[in-house]
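What follows is the content of structure_22.cif (mmCIF, C-alpha atoms, pLDDT in the B column; chains and numbers go by the auth columns).
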```
data_model
loop_
_atom_site.group_PDB
_atom_site.id
_atom_site.type_symbol
_atom_site.label_atom_id
_atom_site.label_comp_id
_atom_site.label_asym_id
_atom_site.label_seq_id
_atom_site.Cartn_x
_atom_site.Cartn_y
_atom_site.Cartn_z
_atom_site.B_iso_or_equiv
_atom_site.auth_seq_id
_atom_site.auth_asym_id
ATOM 1 C CA MET A 1 155.585 199.698 -59.074 37.00 1 A
ATOM 2 C CA ASN A 2 155.655 201.600 -62.342 43.00 2 A
ATOM 3 C CA ASN A 3 157.638 204.680 -61.431 54.00 3 A
ATOM 4 C CA LYS A 4 159.979 205.612 -64.292 55.00 4 A
ATOM 5 C CA THR A 5 162.028 208.012 -62.171 56.00 5 A
ATOM 6 C CA ARG A 6 164.434 205.960 -60.099 57.00 6 A
ATOM 7 C CA PRO A 7 167.723 206.580 -58.335 59.00 7 A
ATOM 8 C CA GLY A 8 171.074 205.701 -59.758 63.00 8 A
ATOM 9 C CA HIS A 9 170.913 207.388 -63.163 56.00 9 A
ATOM 10 C CA THR A 10 174.367 207.123 -64.716 57.00 10 A
ATOM 11 C CA THR A 11 174.951 210.880 -64.797 70.00 11 A
ATOM 12 C CA ASP A 12 177.086 212.270 -61.972 89.00 12 A
ATOM 13 C CA VAL A 13 175.334 215.072 -60.040 94.00 13 A
ATOM 14 C CA LYS A 14 178.222 217.518 -60.341 92.00 14 A
ATOM 15 C CA LYS A 15 178.619 216.809 -64.067 93.00 15 A
ATOM 16 C CA TYR A 16 174.892 217.305 -64.549 94.00 16 A
ATOM 17 C CA LEU A 17 174.964 220.680 -62.790 95.00 17 A
ATOM 18 C CA ALA A 18 178.084 221.706 -64.729 94.00 18 A
ATOM 19 C CA SER A 19 176.210 220.957 -67.961 94.00 19 A
ATOM 20 C CA LEU A 20 173.439 223.483 -67.245 94.00 20 A
ATOM 21 C CA ASP A 21 173.490 226.385 -69.713 93.00 21 A
ATOM 22 C CA ASN A 22 171.996 228.938 -67.330 93.00 22 A
ATOM 23 C CA ALA A 23 174.845 230.032 -65.026 94.00 23 A
ATOM 24 C CA LYS A 24 172.465 231.571 -62.471 94.00 24 A
ATOM 25 C CA ARG A 25 170.316 228.426 -62.292 95.00 25 A
ATOM 26 C CA ARG A 26 173.495 226.349 -61.969 95.00 26 A
ATOM 27 C CA SER A 27 174.866 228.437 -59.099 96.00 27 A
ATOM 28 C CA ASP A 28 171.487 228.457 -57.294 97.00 28 A
ATOM 29 C CA ALA A 29 171.228 224.675 -57.666 97.00 29 A
ATOM 30 C CA GLU A 30 174.771 224.188 -56.358 97.00 30 A
ATOM 31 C CA ALA A 31 173.958 226.300 -53.287 97.00 31 A
ATOM 32 C CA VAL A 32 170.758 224.345 -52.534 98.00 32 A
ATOM 33 C CA LEU A 33 172.581 221.067 -53.180 97.00 33 A
ATOM 34 C CA GLU A 34 175.187 222.003 -50.567 97.00 34 A
ATOM 35 C CA LEU A 35 172.450 223.006 -48.100 97.00 35 A
ATOM 36 C CA MET A 36 170.614 219.703 -48.604 97.00 36 A
ATOM 37 C CA GLN A 37 173.804 217.676 -48.176 96.00 37 A
ATOM 38 C CA GLU A 38 174.516 219.471 -44.910 97.00 38 A
ATOM 39 C CA ILE A 39 170.967 218.926 -43.610 97.00 39 A
ATOM 40 C CA THR A 40 170.540 215.297 -44.682 96.00 40 A
ATOM 41 C CA GLY A 41 174.095 214.123 -44.091 95.00 41 A
ATOM 42 C CA GLN A 42 173.738 212.175 -47.339 94.00 42 A
ATOM 43 C CA ASP A 43 175.227 212.307 -50.798 92.00 43 A
ATOM 44 C CA ALA A 44 173.119 213.464 -53.704 94.00 44 A
ATOM 45 C CA CYS A 45 171.943 210.986 -56.318 94.00 45 A
ATOM 46 C CA MET A 46 170.454 211.526 -59.756 94.00 46 A
ATOM 47 C CA TRP A 47 166.831 210.351 -60.030 92.00 47 A
ATOM 48 C CA GLY A 48 166.164 210.123 -63.706 88.00 48 A
ATOM 49 C CA ALA A 49 167.935 212.532 -66.028 88.00 49 A
ATOM 50 C CA SER A 50 167.196 215.846 -64.266 91.00 50 A
ATOM 51 C CA MET A 51 166.171 215.367 -60.625 95.00 51 A
ATOM 52 C CA ILE A 52 168.614 215.272 -57.728 96.00 52 A
ATOM 53 C CA GLY A 53 167.512 213.443 -54.599 96.00 53 A
ATOM 54 C CA PHE A 54 168.715 212.736 -51.094 95.00 54 A
ATOM 55 C CA GLY A 55 167.846 209.518 -49.311 93.00 55 A
ATOM 56 C CA SER A 56 164.789 207.453 -50.140 92.00 56 A
ATOM 57 C CA TYR A 57 161.567 206.158 -48.653 91.00 57 A
ATOM 58 C CA HIS A 58 158.929 203.662 -49.709 87.00 58 A
ATOM 59 C CA TYR A 59 155.325 204.845 -50.108 85.00 59 A
ATOM 60 C CA LYS A 60 152.110 202.923 -50.596 84.00 60 A
ATOM 61 C CA TYR A 61 148.782 204.552 -51.458 81.00 61 A
ATOM 62 C CA ASP A 62 145.343 203.204 -50.536 86.00 62 A
ATOM 63 C CA SER A 63 144.879 202.501 -54.248 89.00 63 A
ATOM 64 C CA GLY A 64 147.668 199.942 -54.045 86.00 64 A
ATOM 65 C CA ARG A 65 150.173 202.014 -55.993 84.00 65 A
ATOM 66 C CA GLU A 66 153.557 202.019 -54.320 84.00 66 A
ATOM 67 C CA GLY A 67 157.115 202.999 -55.013 85.00 67 A
ATOM 68 C CA ASP A 68 160.254 204.648 -53.783 88.00 68 A
ATOM 69 C CA TRP A 69 161.063 208.334 -53.844 91.00 69 A
ATOM 70 C CA PHE A 70 163.651 210.690 -52.427 94.00 70 A
ATOM 71 C CA VAL A 71 163.237 212.284 -48.989 96.00 71 A
ATOM 72 C CA THR A 72 164.125 215.720 -50.351 97.00 72 A
ATOM 73 C CA GLY A 73 165.524 216.932 -53.621 97.00 73 A
ATOM 74 C CA LEU A 74 165.795 219.560 -56.298 97.00 74 A
ATOM 75 C CA ALA A 75 165.545 220.009 -60.034 96.00 75 A
ATOM 76 C CA PRO A 76 166.994 222.973 -61.906 96.00 76 A
ATOM 77 C CA ARG A 77 164.356 223.614 -64.570 94.00 77 A
ATOM 78 C CA LYS A 78 164.482 226.134 -67.396 90.00 78 A
ATOM 79 C CA GLN A 79 162.191 228.686 -65.705 91.00 79 A
ATOM 80 C CA GLN A 80 162.929 228.030 -62.034 95.00 80 A
ATOM 81 C CA LEU A 81 164.605 225.870 -59.444 97.00 81 A
ATOM 82 C CA VAL A 82 162.247 223.261 -57.993 97.00 82 A
ATOM 83 C CA VAL A 83 162.807 222.219 -54.375 98.00 83 A
ATOM 84 C CA TYR A 84 160.935 219.114 -53.242 97.00 84 A
ATOM 85 C CA ILE A 85 159.507 219.211 -49.697 97.00 85 A
ATOM 86 C CA MET A 86 158.121 215.688 -49.604 95.00 86 A
ATOM 87 C CA SER A 87 156.276 215.948 -46.282 94.00 87 A
ATOM 88 C CA GLY A 88 153.999 218.543 -47.923 94.00 88 A
ATOM 89 C CA LEU A 89 154.156 222.325 -47.794 95.00 89 A
ATOM 90 C CA GLU A 90 150.791 222.724 -46.026 95.00 90 A
ATOM 91 C CA LYS A 91 152.481 221.653 -42.763 95.00 91 A
ATOM 92 C CA TYR A 92 154.708 224.726 -42.616 96.00 92 A
ATOM 93 C CA PRO A 93 152.622 227.902 -43.107 96.00 93 A
ATOM 94 C CA GLN A 94 154.693 229.967 -40.655 96.00 94 A
ATOM 95 C CA LEU A 95 157.915 229.221 -42.503 97.00 95 A
ATOM 96 C CA LEU A 96 156.350 229.866 -45.901 97.00 96 A
ATOM 97 C CA GLU A 97 155.250 233.319 -44.694 97.00 97 A
ATOM 98 C CA LYS A 98 158.901 234.173 -43.997 98.00 98 A
ATOM 99 C CA LEU A 99 160.391 232.519 -47.089 98.00 99 A
ATOM 100 C CA GLY A 100 160.050 235.279 -49.698 97.00 100 A
ATOM 101 C CA ARG A 101 158.956 235.081 -53.366 97.00 101 A
ATOM 102 C CA PHE A 102 158.077 231.623 -54.664 97.00 102 A
ATOM 103 C CA LYS A 103 155.248 229.533 -56.067 96.00 103 A
ATOM 104 C CA THR A 104 154.084 226.160 -54.839 95.00 104 A
ATOM 105 C CA GLY A 105 152.663 222.819 -55.803 91.00 105 A
ATOM 106 C CA LYS A 106 151.701 220.197 -53.232 88.00 106 A
ATOM 107 C CA SER A 107 155.286 219.322 -52.350 93.00 107 A
ATOM 108 C CA CYS A 108 157.169 221.650 -54.699 96.00 108 A
ATOM 109 C CA LEU A 109 158.649 225.077 -54.172 97.00 109 A
ATOM 110 C CA TYR A 110 159.254 226.915 -57.439 97.00 110 A
ATOM 111 C CA ILE A 111 161.998 229.496 -56.960 97.00 111 A
ATOM 112 C CA SER A 112 162.964 231.885 -59.770 96.00 112 A
ATOM 113 C CA LYS A 113 166.133 233.195 -58.107 95.00 113 A
ATOM 114 C CA LEU A 114 167.688 232.189 -54.818 96.00 114 A
ATOM 115 C CA GLU A 115 168.022 235.853 -53.812 96.00 115 A
ATOM 116 C CA ASP A 116 164.200 236.090 -53.916 96.00 116 A
ATOM 117 C CA ILE A 117 163.989 233.919 -50.804 97.00 117 A
ATOM 118 C CA ASN A 118 165.438 233.740 -47.314 98.00 118 A
ATOM 119 C CA VAL A 119 167.916 230.848 -47.582 97.00 119 A
ATOM 120 C CA ARG A 120 168.039 230.425 -43.788 98.00 120 A
ATOM 121 C CA VAL A 121 164.256 229.844 -43.791 98.00 121 A
ATOM 122 C CA LEU A 122 164.610 227.457 -46.742 98.00 122 A
ATOM 123 C CA GLY A 123 167.088 225.485 -44.641 98.00 123 A
ATOM 124 C CA GLN A 124 164.628 225.360 -41.739 98.00 124 A
ATOM 125 C CA LEU A 125 161.887 224.167 -44.088 98.00 125 A
ATOM 126 C CA ILE A 126 164.062 221.410 -45.550 98.00 126 A
ATOM 127 C CA ARG A 127 165.271 220.385 -42.071 98.00 127 A
ATOM 128 C CA LYS A 128 161.705 220.111 -40.700 97.00 128 A
ATOM 129 C CA SER A 129 160.491 218.203 -43.751 97.00 129 A
ATOM 130 C CA VAL A 130 163.375 215.717 -43.611 97.00 130 A
ATOM 131 C CA ALA A 131 162.778 215.188 -39.875 96.00 131 A
ATOM 132 C CA ASP A 132 159.055 214.601 -40.493 95.00 132 A
ATOM 133 C CA MET A 133 159.794 212.166 -43.308 94.00 133 A
ATOM 134 C CA ARG A 134 162.271 210.243 -41.152 93.00 134 A
ATOM 135 C CA LYS A 135 159.725 210.115 -38.342 94.00 135 A
ATOM 136 C CA ASN A 136 156.913 208.829 -40.577 89.00 136 A
ATOM 137 C CA TYR A 137 158.772 206.505 -42.979 86.00 137 A
ATOM 138 C CA ALA A 138 161.623 204.043 -42.846 81.00 138 A
ATOM 139 C CA CYS A 139 163.975 206.337 -44.749 76.00 139 A
ATOM 140 C CA GLN A 140 167.332 205.360 -46.077 75.00 140 A
#
```

Whole structure, structure tokens version:
Amino acid sequence: MNNKTRPGHTTDVKKYLASLDNAKRRSDAEAVLELMQEITGQDACMWGASMIGFGSYHYKYDSGREGDWFVTGLAPRKQQLVVYIMSGLEKYPQLLEKLGRFKTGKSCLYISKLEDINVRVLGQLIRKSVADMRKNYACQ
């Protein structure tokens, strides 16, 4: 395993969020953090210097590469808030249609402002993804 981003970074999640210069990004991240804690029933943990994760699972690719990653998480970036839907966004087209304004990567939702999306739908998306991850992996 050669994954540089690992859990247990020495920074406290709340201190990290408090250190963010952008007040709007900070408040959006705090709201999503609270939502994720409620859904997962787990405490947040820093993964590296700027990613916040909940739980963990072990993956192994056909290539032989393997590692551990969080079940769901977020990262308040300069331009947007990134929400990680680790089961993959392609599984949830009906929810994405109802979500609002966002951009995507394979497992990433890029949200400019929380008011651009339907937070209730975001919660449903996170809940379904976490359930799918727990069903398909031995999550901790």

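Evaluated against this file, the PyMOL selection byres ((chain A and resi 25) around 10) yields Leu17, Leu20, Asp21, Asn22, Ala23, Lys24, Arg26, Ser27, Asp28, Ala29, Glu30, Ala31, Ala75, Pro76, Arg77, Lys78, Gln79, Gln80, Leu81, Ile111, Ser112, Lys113 and Leu114 of chain A.
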
Original post:
Using all atoms listed in the file, which of the listed residues (A:Ser19, A:Ser87, A:Thr104, A:Ser63) sits closest to Lys128 of chain A?
Top reply: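 Looking only at the distances to Lys128 of chain A, the closest residue turns out to be A:Ser87.
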
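Considering only C-alpha atoms, the residue among A:Ser107, A:Gln37, A:Thr72, A:Gln94 positioned nearest to Ala131 of chain A is A:Thr72.
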
**OP:** Can you turn the PyMOL selection byres ((chain A and resi 57) around 7) into a concrete residue list for this file, as an MDAnalysis selection string?
**Re:** chainID A and resid 56 58:59 68:71 137:140

Taking a cut-off of 12 Å and counting all atoms listed in the file, can you build a table that, for each residue of segment 2-113 of chain A near segment 119-122 of chain A, reports the nearest atom pair and how far apart they are in Å (one decimal), sorted by chain then residue number, as a tab-separated table?
```
residue	atom	partner	partner_atom	distance
A:Asp28	CA	A:Val119	CA	10.6
A:Ala31	CA	A:Val119	CA	9.5
A:Val32	CA	A:Val119	CA	8.7
A:Glu34	CA	A:Val119	CA	11.8
A:Leu35	CA	A:Val119	CA	9.1
A:Met36	CA	A:Leu122	CA	10.0
A:Ile39	CA	A:Leu122	CA	11.1
A:Val83	CA	A:Leu122	CA	9.4
A:Tyr84	CA	A:Leu122	CA	11.2
A:Ile85	CA	A:Leu122	CA	10.1
A:Leu89	CA	A:Leu122	CA	11.7
A:Tyr92	CA	A:Val121	CA	10.9
A:Pro93	CA	A:Val121	CA	11.8
A:Gln94	CA	A:Val121	CA	10.1
A:Leu95	CA	A:Val121	CA	6.5
A:Leu96	CA	A:Val121	CA	8.2
A:Glu97	CA	A:Val121	CA	9.7
A:Lys98	CA	A:Val121	CA	6.9
A:Leu99	CA	A:Val121	CA	5.7
A:Gly100	CA	A:Val121	CA	9.1
A:Arg101	CA	A:Val119	CA	11.5
A:Phe102	CA	A:Leu122	CA	11.1
A:Leu109	CA	A:Leu122	CA	9.8
A:Tyr110	CA	A:Leu122	CA	12.0
A:Ile111	CA	A:Leu122	CA	10.7
A:Lys113	CA	A:Val119	CA	10.9
```

Just write the chosen residues, C-alpha atoms, as an mmCIF file, in the frame of the given file.
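Result file part-v4.cif:
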```
data_model
loop_
_atom_site.group_PDB
_atom_site.id
_atom_site.type_symbol
_atom_site.label_atom_id
_atom_site.label_comp_id
_atom_site.auth_asym_id
_atom_site.auth_seq_id
_atom_site.Cartn_x
_atom_site.Cartn_y
_atom_site.Cartn_z
ATOM 1 C CA ASP A 28 171.487 228.457 -57.294
ATOM 2 C CA ALA A 31 173.958 226.300 -53.287
ATOM 3 C CA VAL A 32 170.758 224.345 -52.534
ATOM 4 C CA GLU A 34 175.187 222.003 -50.567
ATOM 5 C CA LEU A 35 172.450 223.006 -48.100
ATOM 6 C CA MET A 36 170.614 219.703 -48.604
ATOM 7 C CA ILE A 39 170.967 218.926 -43.610
ATOM 8 C CA VAL A 83 162.807 222.219 -54.375
ATOM 9 C CA TYR A 84 160.935 219.114 -53.242
ATOM 10 C CA ILE A 85 159.507 219.211 -49.697
ATOM 11 C CA LEU A 89 154.156 222.325 -47.794
ATOM 12 C CA TYR A 92 154.708 224.726 -42.616
ATOM 13 C CA PRO A 93 152.622 227.902 -43.107
ATOM 14 C CA GLN A 94 154.693 229.967 -40.655
ATOM 15 C CA LEU A 95 157.915 229.221 -42.503
ATOM 16 C CA LEU A 96 156.350 229.866 -45.901
ATOM 17 C CA GLU A 97 155.250 233.319 -44.694
ATOM 18 C CA LYS A 98 158.901 234.173 -43.997
ATOM 19 C CA LEU A 99 160.391 232.519 -47.089
ATOM 20 C CA GLY A 100 160.050 235.279 -49.698
ATOM 21 C CA ARG A 101 158.956 235.081 -53.366
ATOM 22 C CA PHE A 102 158.077 231.623 -54.664
ATOM 23 C CA LEU A 109 158.649 225.077 -54.172
ATOM 24 C CA TYR A 110 159.254 226.915 -57.439
ATOM 25 C CA ILE A 111 161.998 229.496 -56.960
ATOM 26 C CA LYS A 113 166.133 233.195 -58.107
#
```

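Between atom CA of Asn118 of chain A and atom CA of Cys45 of chain A lies a distance of 25.3 Å.
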
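Nearest to Cys108 of chain A of all the residues A:Gly55, A:Gly48, A:Gly64, A:Gly73 is A:Gly73, based on all atoms listed in the file.
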
**OP:** Rounded to one decimal place, report the atom CA of Val82 of chain A-atom CA of Arg127 of chain A distance in Å.
**Re:** 16.5 Å

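Across A:Leu125, A:Asn136, A:Val130, A:Lys14, the tightest approach to Gln42 of chain A is made by A:Val130 when counting only C-alpha atoms.
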
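Relative to atom CA of Tyr16 of chain A, atom CA of Glu38 of chain A is found at 19.8 Å.
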
Give me the box for segment 33-36 of chain A as lines of an AutoDock Vina configuration file, namely the centre and edge lengths in Å to one decimal of a box along x, y and z that holds every listed atom plus 3 Å on each side.
```
center_x = 172.9
center_y = 221.4
center_z = -50.6
size_x = 10.6
size_y = 9.3
size_z = 11.1
```

Subject >> Selected residue, from A:Tyr61, A:Gly41, A:Ala49, A:Met133, that lies nearest to Asp12 of chain A when counting only C-alpha atoms >> reply: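 Ranked by minimum distance to Asp12 of chain A, first place goes to A:Ala49.
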
Subject >> Using only C-alpha atoms: which of A:Asp116, A:Ala18, A:Gly88, A:Val13 has the shortest distance to Met51 of chain A >> reply: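 Comparing A:Asp116, A:Ala18, A:Gly88, A:Val13 against Met51 of chain A, the winner is A:Val13.
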
**OP:** List, as a PyMOL selection string, every residue that the PyMOL selection byres ((chain A and resi 44) around 6) selects in the file provided.
**Re:** chain A and resi 43+45+53-54
